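Shown here: target_34.cif, mmCIF, C-alpha atoms and all ligand atoms.
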```cif
data_start
loop_
_atom_site.group_PDB
_atom_site.id
_atom_site.type_symbol
_atom_site.label_atom_id
_atom_site.label_comp_id
_atom_site.auth_asym_id
_atom_site.auth_seq_id
_atom_site.Cartn_x
_atom_site.Cartn_y
_atom_site.Cartn_z
ATOM 1 C CA MET A 1 180.727 -93.990 142.415
ATOM 2 C CA ALA A 2 179.168 -94.762 139.013
ATOM 3 C CA THR A 3 175.388 -94.648 139.133
ATOM 4 C CA CYS A 4 173.531 -97.909 139.154
ATOM 5 C CA ARG A 5 169.857 -98.387 138.432
ATOM 6 C CA GLY A 6 167.515 -100.737 140.218
ATOM 7 C CA LEU A 7 163.988 -102.005 139.729
ATOM 8 C CA SER A 8 162.345 -102.551 143.116
ATOM 9 C CA LEU A 9 159.281 -104.737 143.678
ATOM 10 C CA MET A 10 156.511 -102.600 145.125
ATOM 11 C CA SER A 11 153.514 -103.978 147.030
ATOM 12 C CA GLY A 12 152.808 -100.681 148.766
ATOM 13 C CA GLY A 13 153.641 -102.222 152.161
ATOM 14 C CA LEU A 14 156.138 -100.559 154.442
ATOM 15 C CA ASP A 15 159.102 -102.828 153.656
ATOM 16 C CA SER A 16 158.772 -102.282 149.910
ATOM 17 C CA GLN A 17 158.669 -98.517 150.459
ATOM 18 C CA LEU A 18 161.650 -98.573 152.811
ATOM 19 C CA ALA A 19 163.604 -100.680 150.299
ATOM 20 C CA VAL A 20 163.302 -97.850 147.756
ATOM 21 C CA ARG A 21 164.536 -95.204 150.185
ATOM 22 C CA VAL A 22 167.411 -97.377 151.472
ATOM 23 C CA LEU A 23 168.548 -98.089 147.905
ATOM 24 C CA GLN A 24 168.399 -94.406 147.038
ATOM 25 C CA ARG A 25 170.465 -93.627 150.132
ATOM 26 C CA ALA A 26 172.988 -96.242 148.954
ATOM 27 C CA GLY A 27 173.377 -94.381 145.673
ATOM 28 C CA ALA A 28 170.959 -96.141 143.307
ATOM 29 C CA GLU A 29 168.439 -94.689 140.901
ATOM 30 C CA VAL A 30 165.264 -96.629 141.564
ATOM 31 C CA GLU A 31 162.042 -97.327 139.708
ATOM 32 C CA ALA A 32 159.340 -99.674 140.991
ATOM 33 C CA VAL A 33 157.455 -102.607 139.519
ATOM 34 C CA CYS A 34 154.261 -104.295 140.650
ATOM 35 C CA PHE A 35 152.371 -107.333 139.395
ATOM 36 C CA SER A 36 148.693 -107.127 138.629
ATOM 37 C CA THR A 37 146.299 -110.085 139.007
ATOM 38 C CA PRO A 38 142.608 -110.437 139.908
ATOM 39 C CA PHE A 39 143.863 -111.657 143.311
ATOM 40 C CA PHE A 40 145.943 -108.672 144.295
ATOM 41 C CA ASP A 41 144.888 -105.050 144.634
ATOM 42 C CA ILE A 42 147.655 -102.822 143.267
ATOM 43 C CA SER A 43 146.127 -99.542 144.440
ATOM 44 C CA ALA A 44 148.458 -99.464 147.481
ATOM 45 C CA ALA A 45 151.448 -99.884 145.152
ATOM 46 C CA ARG A 46 150.262 -96.966 143.010
ATOM 47 C CA THR A 47 149.755 -94.753 146.060
ATOM 48 C CA ALA A 48 153.155 -95.657 147.492
ATOM 49 C CA ALA A 49 155.019 -95.099 144.215
ATOM 50 C CA ASP A 50 153.338 -91.692 143.890
ATOM 51 C CA ALA A 51 154.272 -90.754 147.455
ATOM 52 C CA LEU A 52 157.880 -91.875 146.915
ATOM 53 C CA GLY A 53 158.054 -90.050 143.587
ATOM 54 C CA VAL A 54 159.223 -93.108 141.635
ATOM 55 C CA LYS A 55 157.933 -94.448 138.329
ATOM 56 C CA LEU A 56 155.813 -97.606 138.682
ATOM 57 C CA HIS A 57 155.883 -100.319 135.993
ATOM 58 C CA ILE A 58 152.748 -102.509 136.093
ATOM 59 C CA VAL A 59 153.053 -106.061 134.746
ATOM 60 C CA ASP A 60 150.014 -108.313 134.168
ATOM 61 C CA PHE A 61 150.869 -111.482 136.069
ATOM 62 C CA THR A 62 147.515 -113.302 135.815
ATOM 63 C CA ASP A 63 148.529 -116.189 133.531
ATOM 64 C CA ASP A 64 151.676 -116.775 135.570
ATOM 65 C CA GLU A 65 149.783 -116.789 138.865
ATOM 66 C CA VAL A 66 147.123 -119.170 137.539
ATOM 67 C CA SER A 67 149.834 -121.599 136.357
ATOM 68 C CA LEU A 68 151.329 -121.544 139.857
ATOM 69 C CA ILE A 69 147.955 -122.157 141.512
ATOM 70 C CA GLU A 70 147.433 -125.118 139.182
ATOM 71 C CA ASN A 71 150.900 -126.477 139.880
ATOM 72 C CA PRO A 72 152.641 -124.989 142.915
ATOM 73 C CA LEU A 73 156.157 -126.454 142.833
ATOM 74 C CA HIS A 74 156.890 -125.474 146.442
ATOM 75 C CA GLY A 75 153.340 -125.888 147.741
ATOM 76 C CA PHE A 76 150.836 -123.450 149.207
ATOM 77 C CA GLY A 77 151.006 -121.340 152.334
ATOM 78 C CA GLY A 78 148.009 -121.282 154.703
ATOM 79 C CA ALA A 79 145.417 -121.035 151.888
ATOM 80 C CA MET A 80 145.965 -121.218 148.094
ATOM 81 C CA ASN A 81 148.920 -118.839 148.122
ATOM 82 C CA PRO A 82 151.912 -120.327 146.285
ATOM 83 C CA CYS A 83 154.155 -117.698 147.857
ATOM 84 C CA ILE A 84 157.627 -119.114 147.238
ATOM 85 C CA ASP A 85 156.955 -119.834 143.559
ATOM 86 C CA CYS A 86 154.964 -116.634 143.107
ATOM 87 C CA HIS A 87 157.676 -114.496 144.577
ATOM 88 C CA ALA A 88 160.415 -116.223 142.585
ATOM 89 C CA LEU A 89 158.475 -115.829 139.333
ATOM 90 C CA MET A 90 157.735 -112.149 140.027
ATOM 91 C CA ILE A 91 161.442 -111.619 140.526
ATOM 92 C CA ARG A 92 162.202 -113.530 137.324
ATOM 93 C CA ARG A 93 159.726 -111.337 135.412
ATOM 94 C CA ALA A 94 161.226 -108.238 137.027
ATOM 95 C CA GLY A 95 164.634 -109.538 135.909
ATOM 96 C CA GLU A 96 163.384 -109.793 132.322
ATOM 97 C CA LEU A 97 162.177 -106.195 132.549
ATOM 98 C CA MET A 98 165.534 -105.228 134.089
ATOM 99 C CA SER A 99 167.356 -106.678 131.084
ATOM 100 C CA ARG A 100 165.006 -105.052 128.579
ATOM 101 C CA LEU A 101 165.292 -101.625 130.195
ATOM 102 C CA GLY A 102 169.022 -101.845 130.903
ATOM 103 C CA TYR A 103 168.872 -101.787 134.715
ATOM 104 C CA ASP A 104 171.594 -103.222 136.942
ATOM 105 C CA PHE A 105 169.619 -105.086 139.588
ATOM 106 C CA VAL A 106 166.222 -106.125 140.948
ATOM 107 C CA ALA A 107 165.411 -105.390 144.586
ATOM 108 C CA THR A 108 162.795 -106.537 147.072
ATOM 109 C CA GLY A 109 161.725 -105.434 150.536
ATOM 110 C CA GLU A 110 162.149 -108.965 151.931
ATOM 111 C CA VAL A 111 163.436 -109.223 155.484
ATOM 112 C CA GLN A 112 165.227 -112.399 156.468
ATOM 113 C CA GLY A 113 163.198 -114.413 158.974
ATOM 114 C CA GLN A 114 160.145 -112.174 158.804
ATOM 115 C CA ARG A 115 157.743 -114.723 157.362
ATOM 116 C CA PRO A 116 158.057 -118.344 158.414
ATOM 117 C CA MET A 117 157.391 -119.847 154.989
ATOM 118 C CA SER A 118 158.511 -117.390 152.363
ATOM 119 C CA GLN A 119 161.248 -115.324 153.984
ATOM 120 C CA ASN A 120 163.396 -117.728 155.976
ATOM 121 C CA ARG A 121 167.009 -117.989 154.875
ATOM 122 C CA GLN A 122 166.389 -121.171 152.887
ATOM 123 C CA SER A 123 163.393 -119.633 151.053
ATOM 124 C CA LEU A 124 165.356 -116.497 150.192
ATOM 125 C CA GLY A 125 167.988 -118.795 148.637
ATOM 126 C CA ILE A 126 165.350 -120.809 146.717
ATOM 127 C CA VAL A 127 163.756 -117.603 145.425
ATOM 128 C CA GLU A 128 167.116 -116.274 144.207
ATOM 129 C CA LYS A 129 167.950 -119.590 142.511
ATOM 130 C CA CYS A 130 164.513 -119.976 140.871
ATOM 131 C CA SER A 131 164.487 -116.383 139.702
ATOM 132 C CA GLY A 132 167.693 -116.855 137.695
ATOM 133 C CA LEU A 133 169.013 -113.546 139.013
ATOM 134 C CA LYS A 134 172.020 -114.732 140.976
ATOM 135 C CA GLY A 135 174.119 -111.771 142.050
ATOM 136 C CA ARG A 136 171.600 -109.237 140.749
ATOM 137 C CA LEU A 137 168.929 -109.589 143.410
ATOM 138 C CA VAL A 138 169.367 -107.033 146.189
ATOM 139 C CA ARG A 139 167.506 -107.257 149.509
ATOM 140 C CA PRO A 140 168.450 -103.898 151.005
ATOM 141 C CA MET A 141 166.642 -104.535 154.314
ATOM 142 C CA SER A 142 168.781 -107.603 155.127
ATOM 143 C CA ALA A 143 171.678 -107.137 152.698
ATOM 144 C CA LYS A 144 174.427 -107.151 155.309
ATOM 145 C CA LEU A 145 173.300 -110.610 156.455
ATOM 146 C CA LEU A 146 173.466 -111.975 152.905
ATOM 147 C CA GLU A 147 176.225 -112.479 150.330
ATOM 148 C CA PRO A 148 177.258 -109.217 148.617
ATOM 149 C CA THR A 149 175.587 -108.782 145.221
ATOM 150 C CA ILE A 150 177.301 -107.727 141.982
ATOM 151 C CA PRO A 151 176.393 -103.994 142.285
ATOM 152 C CA GLU A 152 177.834 -104.046 145.829
ATOM 153 C CA THR A 153 181.078 -105.830 144.883
ATOM 154 C CA GLU A 154 181.497 -103.482 141.913
ATOM 155 C CA GLY A 155 181.267 -100.613 144.400
ATOM 156 C CA ARG A 156 178.253 -99.101 142.628
ATOM 157 C CA LEU A 157 175.853 -99.687 145.516
ATOM 158 C CA ALA A 158 177.152 -98.679 148.963
ATOM 159 C CA ARG A 159 176.882 -101.870 151.035
ATOM 160 C CA GLU A 160 177.610 -99.924 154.243
ATOM 161 C CA LYS A 161 174.372 -97.968 153.681
ATOM 162 C CA LEU A 162 172.287 -101.141 153.338
ATOM 163 C CA LEU A 163 170.700 -102.781 156.405
ATOM 164 C CA ASP A 164 170.945 -105.895 158.561
ATOM 165 C CA ILE A 165 167.353 -106.336 159.737
ATOM 166 C CA SER A 166 166.104 -109.848 160.505
ATOM 167 C CA GLY A 167 163.185 -111.455 162.305
ATOM 168 C CA ARG A 168 159.545 -110.631 162.833
ATOM 169 C CA GLY A 169 159.885 -107.488 164.958
ATOM 170 C CA ARG A 170 158.800 -104.236 163.318
ATOM 171 C CA GLU A 171 160.546 -101.714 165.576
ATOM 172 C CA ARG A 172 163.408 -100.883 163.214
ATOM 173 C CA GLN A 173 161.065 -100.549 160.245
ATOM 174 C CA ILE A 174 158.746 -98.233 162.192
ATOM 175 C CA ALA A 175 161.739 -96.103 163.243
ATOM 176 C CA LEU A 176 163.009 -95.994 159.656
ATOM 177 C CA ALA A 177 159.564 -95.008 158.380
ATOM 178 C CA ALA A 178 159.643 -92.022 160.735
ATOM 179 C CA GLU A 179 163.188 -91.147 159.599
ATOM 180 C CA PHE A 180 162.164 -91.244 155.918
ATOM 181 C CA GLY A 181 158.812 -89.525 156.520
ATOM 182 C CA ILE A 182 156.776 -92.511 155.313
ATOM 183 C CA VAL A 183 153.379 -92.284 156.986
ATOM 184 C CA ASP A 184 150.970 -94.156 154.713
ATOM 185 C CA TYR A 185 151.321 -97.928 154.514
ATOM 186 C CA PRO A 186 148.901 -100.871 154.759
ATOM 187 C CA SER A 187 149.281 -103.725 157.266
ATOM 188 C CA PRO A 188 152.067 -106.193 156.384
ATOM 189 C CA ALA A 189 149.726 -109.157 155.800
ATOM 190 C CA GLY A 190 147.094 -107.481 153.612
ATOM 191 C CA GLY A 191 146.462 -107.373 149.927
ATOM 192 C CA CYS A 192 146.487 -110.886 148.495
ATOM 193 C CA LYS A 193 143.184 -112.734 148.257
ATOM 194 C CA LEU A 194 145.009 -116.031 147.790
ATOM 195 C CA THR A 195 145.688 -115.942 151.545
ATOM 196 C CA GLU A 196 141.966 -115.572 152.432
ATOM 197 C CA ALA A 197 140.069 -118.779 153.265
ATOM 198 C CA GLY A 198 136.662 -117.492 152.070
ATOM 199 C CA PHE A 199 138.018 -116.348 148.704
ATOM 200 C CA CYS A 200 139.920 -119.594 148.259
ATOM 201 C CA ARG A 201 136.757 -121.673 148.749
ATOM 202 C CA LYS A 202 135.384 -119.891 145.672
ATOM 203 C CA LEU A 203 138.685 -120.241 143.829
ATOM 204 C CA LYS A 204 138.893 -123.978 144.498
ATOM 205 C CA ASP A 205 135.293 -124.451 143.381
ATOM 206 C CA LEU A 206 136.041 -122.607 140.116
ATOM 207 C CA LYS A 207 139.250 -124.600 139.607
ATOM 208 C CA ASP A 208 137.387 -127.897 140.118
ATOM 209 C CA HIS A 209 134.567 -127.017 137.703
ATOM 210 C CA GLU A 210 135.126 -124.346 135.030
ATOM 211 C CA GLY A 211 138.925 -124.139 135.512
ATOM 212 C CA LEU A 212 140.958 -120.972 135.992
ATOM 213 C CA ARG A 213 141.560 -119.867 132.411
ATOM 214 C CA ASN A 214 138.509 -117.656 131.895
ATOM 215 C CA ARG A 215 139.548 -114.109 132.815
ATOM 216 C CA THR A 216 135.980 -112.869 133.356
ATOM 217 C CA LEU A 217 135.229 -115.632 135.854
ATOM 218 C CA LEU A 218 138.478 -114.832 137.662
ATOM 219 C CA ASP A 219 137.611 -111.125 137.735
ATOM 220 C CA LEU A 220 134.191 -111.946 139.196
ATOM 221 C CA LEU A 221 135.497 -114.213 141.958
ATOM 222 C CA ALA A 222 135.360 -111.471 144.563
ATOM 223 C CA THR A 223 131.783 -110.628 143.581
ATOM 224 C CA GLY A 224 128.551 -112.017 145.015
ATOM 225 C CA ARG A 225 127.271 -115.039 146.880
ATOM 226 C CA ARG A 226 128.217 -118.319 145.199
ATOM 227 C CA PHE A 227 126.130 -121.424 144.661
ATOM 228 C CA ARG A 228 127.025 -124.714 142.983
ATOM 229 C CA LEU A 229 123.956 -126.596 141.775
ATOM 230 C CA PRO A 230 123.448 -130.395 141.533
ATOM 231 C CA ASP A 231 124.059 -130.680 137.777
ATOM 232 C CA GLY A 232 127.185 -128.494 137.915
ATOM 233 C CA SER A 233 125.927 -124.989 137.021
ATOM 234 C CA SER A 234 127.170 -122.133 139.196
ATOM 235 C CA VAL A 235 125.211 -119.061 140.294
ATOM 236 C CA ILE A 236 126.763 -115.705 141.189
ATOM 237 C CA LEU A 237 124.237 -113.639 143.115
ATOM 238 C CA GLY A 238 124.779 -109.884 143.514
ATOM 239 C CA ARG A 239 124.812 -108.660 147.134
ATOM 240 C CA ASP A 240 124.069 -105.010 146.388
ATOM 241 C CA GLN A 241 123.288 -102.671 143.509
ATOM 242 C CA GLY A 242 126.942 -102.264 142.615
ATOM 243 C CA GLU A 243 127.450 -106.025 142.305
ATOM 244 C CA ASN A 244 124.180 -106.413 140.366
ATOM 245 C CA ALA A 245 125.371 -103.803 137.877
ATOM 246 C CA LEU A 246 128.798 -105.410 137.629
ATOM 247 C CA LEU A 247 127.301 -108.835 136.871
ATOM 248 C CA ALA A 248 125.048 -107.328 134.199
ATOM 249 C CA SER A 249 127.993 -105.493 132.646
ATOM 250 C CA ARG A 250 130.055 -108.687 132.230
ATOM 251 C CA ILE A 251 127.383 -110.820 130.529
ATOM 252 C CA SER A 252 128.692 -109.924 127.064
ATOM 253 C CA ASP A 253 132.073 -111.488 127.973
ATOM 254 C CA LEU A 254 130.426 -114.856 128.640
ATOM 255 C CA PRO A 255 128.683 -116.114 125.483
ATOM 256 C CA SER A 256 126.765 -118.928 127.230
ATOM 257 C CA ALA A 257 125.781 -116.976 130.347
ATOM 258 C CA VAL A 258 122.238 -116.207 131.503
ATOM 259 C CA LEU A 259 121.258 -113.225 133.645
ATOM 260 C CA LEU A 260 118.301 -113.641 136.003
ATOM 261 C CA THR A 261 116.213 -111.204 138.049
ATOM 262 C CA ASP A 262 112.871 -111.525 139.834
ATOM 263 C CA ASP A 263 110.658 -109.076 137.924
ATOM 264 C CA SER A 264 107.924 -109.180 140.583
ATOM 265 C CA ARG A 265 109.971 -107.647 143.441
ATOM 266 C CA PRO A 266 113.203 -105.754 144.143
ATOM 267 C CA GLY A 267 116.157 -108.066 144.608
ATOM 268 C CA PRO A 268 119.464 -109.355 143.322
ATOM 269 C CA THR A 269 120.695 -110.091 139.838
ATOM 270 C CA ALA A 270 122.119 -113.565 139.271
ATOM 271 C CA LEU A 271 124.651 -114.568 136.655
ATOM 272 C CA VAL A 272 124.753 -118.211 135.590
ATOM 273 C CA PRO A 273 127.914 -118.519 133.468
ATOM 274 C CA VAL A 274 126.909 -121.852 131.910
ATOM 275 C CA VAL A 275 123.484 -123.473 132.313
ATOM 276 C CA LYS A 276 124.028 -127.238 132.523
ATOM 277 C CA THR A 277 120.387 -128.374 132.789
ATOM 278 C CA GLU A 278 116.851 -127.001 132.961
ATOM 279 C CA ALA A 279 116.664 -128.273 136.565
ATOM 280 C CA ASP A 280 119.668 -126.121 137.515
ATOM 281 C CA LEU A 281 118.127 -123.109 135.776
ATOM 282 C CA GLU A 282 114.938 -123.572 137.776
ATOM 283 C CA LEU A 283 116.961 -123.741 141.008
ATOM 284 C CA ALA A 284 118.808 -120.557 139.985
ATOM 285 C CA ARG A 285 115.434 -118.815 139.550
ATOM 286 C CA GLN A 286 114.395 -120.023 143.008
ATOM 287 C CA ILE A 287 117.631 -118.601 144.459
ATOM 288 C CA VAL A 288 116.922 -115.195 142.934
ATOM 289 C CA HIS A 289 113.359 -115.307 144.298
ATOM 290 C CA ALA A 290 114.515 -116.404 147.777
ATOM 291 C CA TRP A 291 117.020 -113.543 148.108
ATOM 292 C CA SER A 292 114.592 -110.938 146.715
ATOM 293 C CA ARG A 293 112.618 -108.744 149.102
ATOM 294 C CA GLY A 294 109.847 -110.830 150.725
ATOM 295 C CA GLY A 295 111.035 -114.007 148.966
ATOM 296 C CA SER A 296 111.070 -117.411 150.642
ATOM 297 C CA GLY A 297 112.957 -120.712 150.619
ATOM 298 C CA ARG A 298 116.459 -119.592 151.559
ATOM 299 C CA GLU A 299 116.979 -122.319 154.139
ATOM 300 C CA THR A 300 116.790 -125.217 151.640
ATOM 301 C CA LEU A 301 118.730 -123.388 148.962
ATOM 302 C CA LYS A 302 121.579 -122.623 151.379
ATOM 303 C CA ASP A 303 122.635 -126.271 150.928
ATOM 304 C CA TYR A 304 124.003 -125.203 147.514
ATOM 305 C CA GLN A 305 125.775 -122.111 148.804
ATOM 306 C CA ILE A 306 129.592 -122.133 148.755
ATOM 307 C CA CYS A 307 129.991 -118.800 150.498
HETATM 308 S S1 LIG B 401 150.947 -113.216 149.164
HETATM 309 FE FE1 LIG B 401 150.005 -113.536 147.133
HETATM 310 S S2 LIG B 401 151.047 -112.065 145.764
HETATM 311 FE FE2 LIG B 401 152.292 -112.273 147.617
HETATM 312 S S3 LIG B 401 153.809 -113.872 147.127
HETATM 313 FE FE3 LIG B 401 152.058 -114.879 148.154
HETATM 314 S S4 LIG B 401 150.740 -115.562 146.481
HETATM 315 FE FE4 LIG B 401 152.141 -114.035 145.617
#
```
Take the structure in the file and write it out as structure tokens.
Amino acid sequence: MATCRGLSLMSGGLDSQLAVRVLQRAGAEVEAVCFSTPFFDISAARTAADALGVKLHIVDFTDDEVSLIENPLHGFGGAMNPCIDCHALMIRRAGELMSRLGYDFVATGEVQGQRPMSQNRQSLGIVEKCSGLKGRLVRPMSAKLLEPTIPETEGRLAREKLLDISGRGRERQIALAAEFGIVDYPSPAGGCKLTEAGFCRKLKDLKDHEGLRNRTLLDLLATGRRFRLPDGSSVILGRDQGENALLASRISDLPSAVLLTDDSRPGPTALVPVVKTEADLELARQIVHAWSRGGSGRETLKDYQIC
């Protein structure tokens, strides 16, 4: 059988790791690709690729993801996660990399029926259509339940070695993990902040006010307590020394930003990305004072707190 080469999407979760091993068992040479955004921690993907011994390509997906959040063609999941569109676009981008690098197919660890919104049979079909990769998108975990792909029909990827897993049960994946010696994998649901209600409150607030095109503000979304003041200024208040230092380190990326501390007592650092009025700036100072050691007035100021 002539060798074929695949590029497999890697989240670091168990299914994405199993997909690599199943493809290798079916005769493919496999490298992995993951998509980096401020909303998704790729450290699990790095760890998994290292453990599997495969090269990991990292693609910055921030602008793409922001466009999808602004205009999710197939809607959001439970929070602000545009999963169907996101997944399809990741696969499209992986397909572009596949063409550039001369690979034969893109693969994913999707399991038919595993997730009600993004992995039912209809969604798998939508994703394949939107990705523009018809015939070159391999789902090794459920391949025998799906139409054969081009590498399979060409006889370059052994279809009989691919799997027929469907549904939400995890028993077969756990058994396969033991068979392949895969011991380190995060929980299936973890990793994407766009599925977290608390994070999405901050994201929606940013979208409604400053918009989502400032990379520094996106990077800082996971940092600090958030306040939105009456005249429209926002306040990001550090919750510990690490966050205080991070806020101070990003001030140079935000030309209009102001950094506040209470010099009279130990306490947080606040970053105000854009000061809209003097009244807002005074409120921001009061917030810093209230959250400093021995400060007062938190109860009233909590009215402005987003989370
Ligand atoms: S969970 Fe997040 S990264 Fe994954 S497909 Fe959904 S939006 Fe994209």
For chain A versus ligand LIG 401 (chain B), which residues have an atom no more than 7 Å away, and what is each residue's nearest atom pair and distance in Å rounded to one decimal, using all atoms listed in the file, chain-then-number order, as CSV?
```
residue,atom,partner,partner_atom,distance
A:Phe40,CA,B:LIG401,S2,6.3
A:Asn81,CA,B:LIG401,S4,4.1
A:Pro82,CA,B:LIG401,S4,4.9
A:Cys83,CA,B:LIG401,FE3,3.5
A:Ile84,CA,B:LIG401,S3,6.5
A:Cys86,CA,B:LIG401,FE4,4.6
A:His87,CA,B:LIG401,S3,4.7
A:Cys192,CA,B:LIG401,FE1,4.6
A:Lys193,CA,B:LIG401,FE1,7.0
A:Leu194,CA,B:LIG401,FE1,5.6
A:Thr195,CA,B:LIG401,S1,6.4
```
So what does the PyMOL selection byres (((chain A and resi 207) around 12) and not hetatm) actually pick up in this one, as a count of residues only? 23
Excluding Ala19 (chain A) and any residue of its chain fewer than 2 positions from it, enumerate the residues within 12 Å of it, using all atoms listed in the file, and give them as a PyMOL selection string. chain A and resi 6-17+21-26+28+30-32+48-49+52+106-111+138-143+161-163+165+173+176-177+180+182
Check what the PyMOL selection byres (((chain A and resi 93) around 12) and not hetatm) selects in the file above and give those residues as a VMD selection string. chain A and resid 7 to 9 33 to 35 57 to 61 64 to 65 86 to 92 94 to 100 106 130 to 133
If the PyMOL selection byres (((chain A and resi 4) around 9) and not hetatm) is run on the structure shown, which residues does it catch, given as an MDAnalysis selection string? chainID A and resid 1:3 5:6 27:30 103:105 151 156:157
Atom-to-atom span, CA of Pro230 (chain A) and CA of Ala290 (chain A), Å: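 Interatomic distance, CA of Pro230 (chain A) to CA of Ala290 (chain A): 17.7 Å.
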Would you compute, for all listed atoms of region 282-294 of chain A, the axis-aligned bounding box grown by 3 Å on each side, and then report its centre and edge lengths in Å rounded to one decimal, as AutoDock Vina command-line options?
```
--center_x 114.3 --center_y -116.2 --center_z 144.3 --size_x 15.0 --size_y 21.0 --size_z 18.9
```
CA of Arg168 (chain A) and CA of Arg115 (chain A), how far apart in Å?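 Going from CA of Arg115 (chain A) over to CA of Arg168 (chain A), I get 7.1 Å.
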For the atom pair CA of Gln114 (chain A) and CA of Leu145 (chain A), what is the interatomic distance in Å to one decimal place?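 Going from CA of Gln114 (chain A) over to CA of Leu145 (chain A) covers 13.5 Å.
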May I have the residues at most 8 Å from (150.1, -98.9, 154.8) in the file's coordinates, counting all atoms listed in the file, as a list of chain:residue names?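 Residues with an atom at most 8 Å from (150.1, -98.9, 154.8): A:Gly12, A:Gly13, A:Leu14, A:Ala44, A:Val183, A:Asp184, A:Tyr185, A:Pro186, A:Ser187, A:Pro188.
Using all atoms listed in the file for every distance, the candidate list A:Gly125, A:Gly78, A:Ile306, A:Gly191 yields A:Gly191 as the residue closest to Thr37 (chain A).
Considering only C-alpha atoms, the residue among A:Thr47, A:Ser249, A:Ser292, A:Thr149 positioned nearest to Lys134 (chain A) is A:Thr149.
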Which one is closest to Thr153 (chain A): A:Ala222, A:Gly267, A:Gly135, A:Gln286? Count only C-alpha atoms.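 Checking each of A:Ala222, A:Gly267, A:Gly135, A:Gln286 against Thr153 (chain A), counting only C-alpha atoms, the winner is A:Gly135.
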Can you tell me, as a list in words, which residues sit within 12 Å of (125.3, -126.3, 150.4) in the file's frame, using only C-alpha atoms? Arg225, Arg226, Phe227, Arg228, Leu229, Pro230, Arg298, Glu299, Thr300, Leu301, Lys302, Asp303, Tyr304, Gln305, Ile306 and Cys307 of chain A
May I ask which of the residues A:Leu73, A:Val20, A:Ile42, A:Val258 is the closest one to Ile126 (chain A), counting only C-alpha atoms? A:Leu73
Residues near region 274-282 of chain A, cut-off 6 Å, only C-alpha atoms, skip fewer than 3 positions along chain, as a PyMOL selection string: chain A and resi 233+256-257+285
If you count only C-alpha atoms, which residues fall within 10 Å of Leu237 (chain A), apart from same-chain ones fewer than 3 positions away, as a tab-separated table (two decimals) with C-alpha atoms, in the frame of the given file?
```
chain	number	residue	atom	x	y	z
A	223	THR	CA	131.78	-110.63	143.58
A	224	GLY	CA	128.55	-112.02	145.01
A	225	ARG	CA	127.27	-115.04	146.88
A	226	ARG	CA	128.22	-118.32	145.20
A	227	PHE	CA	126.13	-121.42	144.66
A	234	SER	CA	127.17	-122.13	139.20
A	240	ASP	CA	124.07	-105.01	146.39
A	243	GLU	CA	127.45	-106.02	142.30
A	244	ASN	CA	124.18	-106.41	140.37
A	247	LEU	CA	127.30	-108.84	136.87
A	259	LEU	CA	121.26	-113.22	133.65
A	260	LEU	CA	118.30	-113.64	136.00
A	261	THR	CA	116.21	-111.20	138.05
A	267	GLY	CA	116.16	-108.07	144.61
A	268	PRO	CA	119.46	-109.36	143.32
A	269	THR	CA	120.70	-110.09	139.84
A	270	ALA	CA	122.12	-113.56	139.27
A	271	LEU	CA	124.65	-114.57	136.66
A	272	VAL	CA	124.75	-118.21	135.59
A	284	ALA	CA	118.81	-120.56	139.99
A	287	ILE	CA	117.63	-118.60	144.46
A	288	VAL	CA	116.92	-115.20	142.93
A	291	TRP	CA	117.02	-113.54	148.11
```
Proximity to Arg170 (chain A) - best of A:Pro38, A:Arg215, A:Glu128, A:Gly113, all atoms listed in the file: A:Gly113
Residue with smallest distance to Asp231 (chain A) - pool A:Ala79, A:Ala45, A:Leu283, A:Leu254, counting all atoms listed in the file: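 Result for the nearest residue to Asp231 (chain A): A:Leu283.
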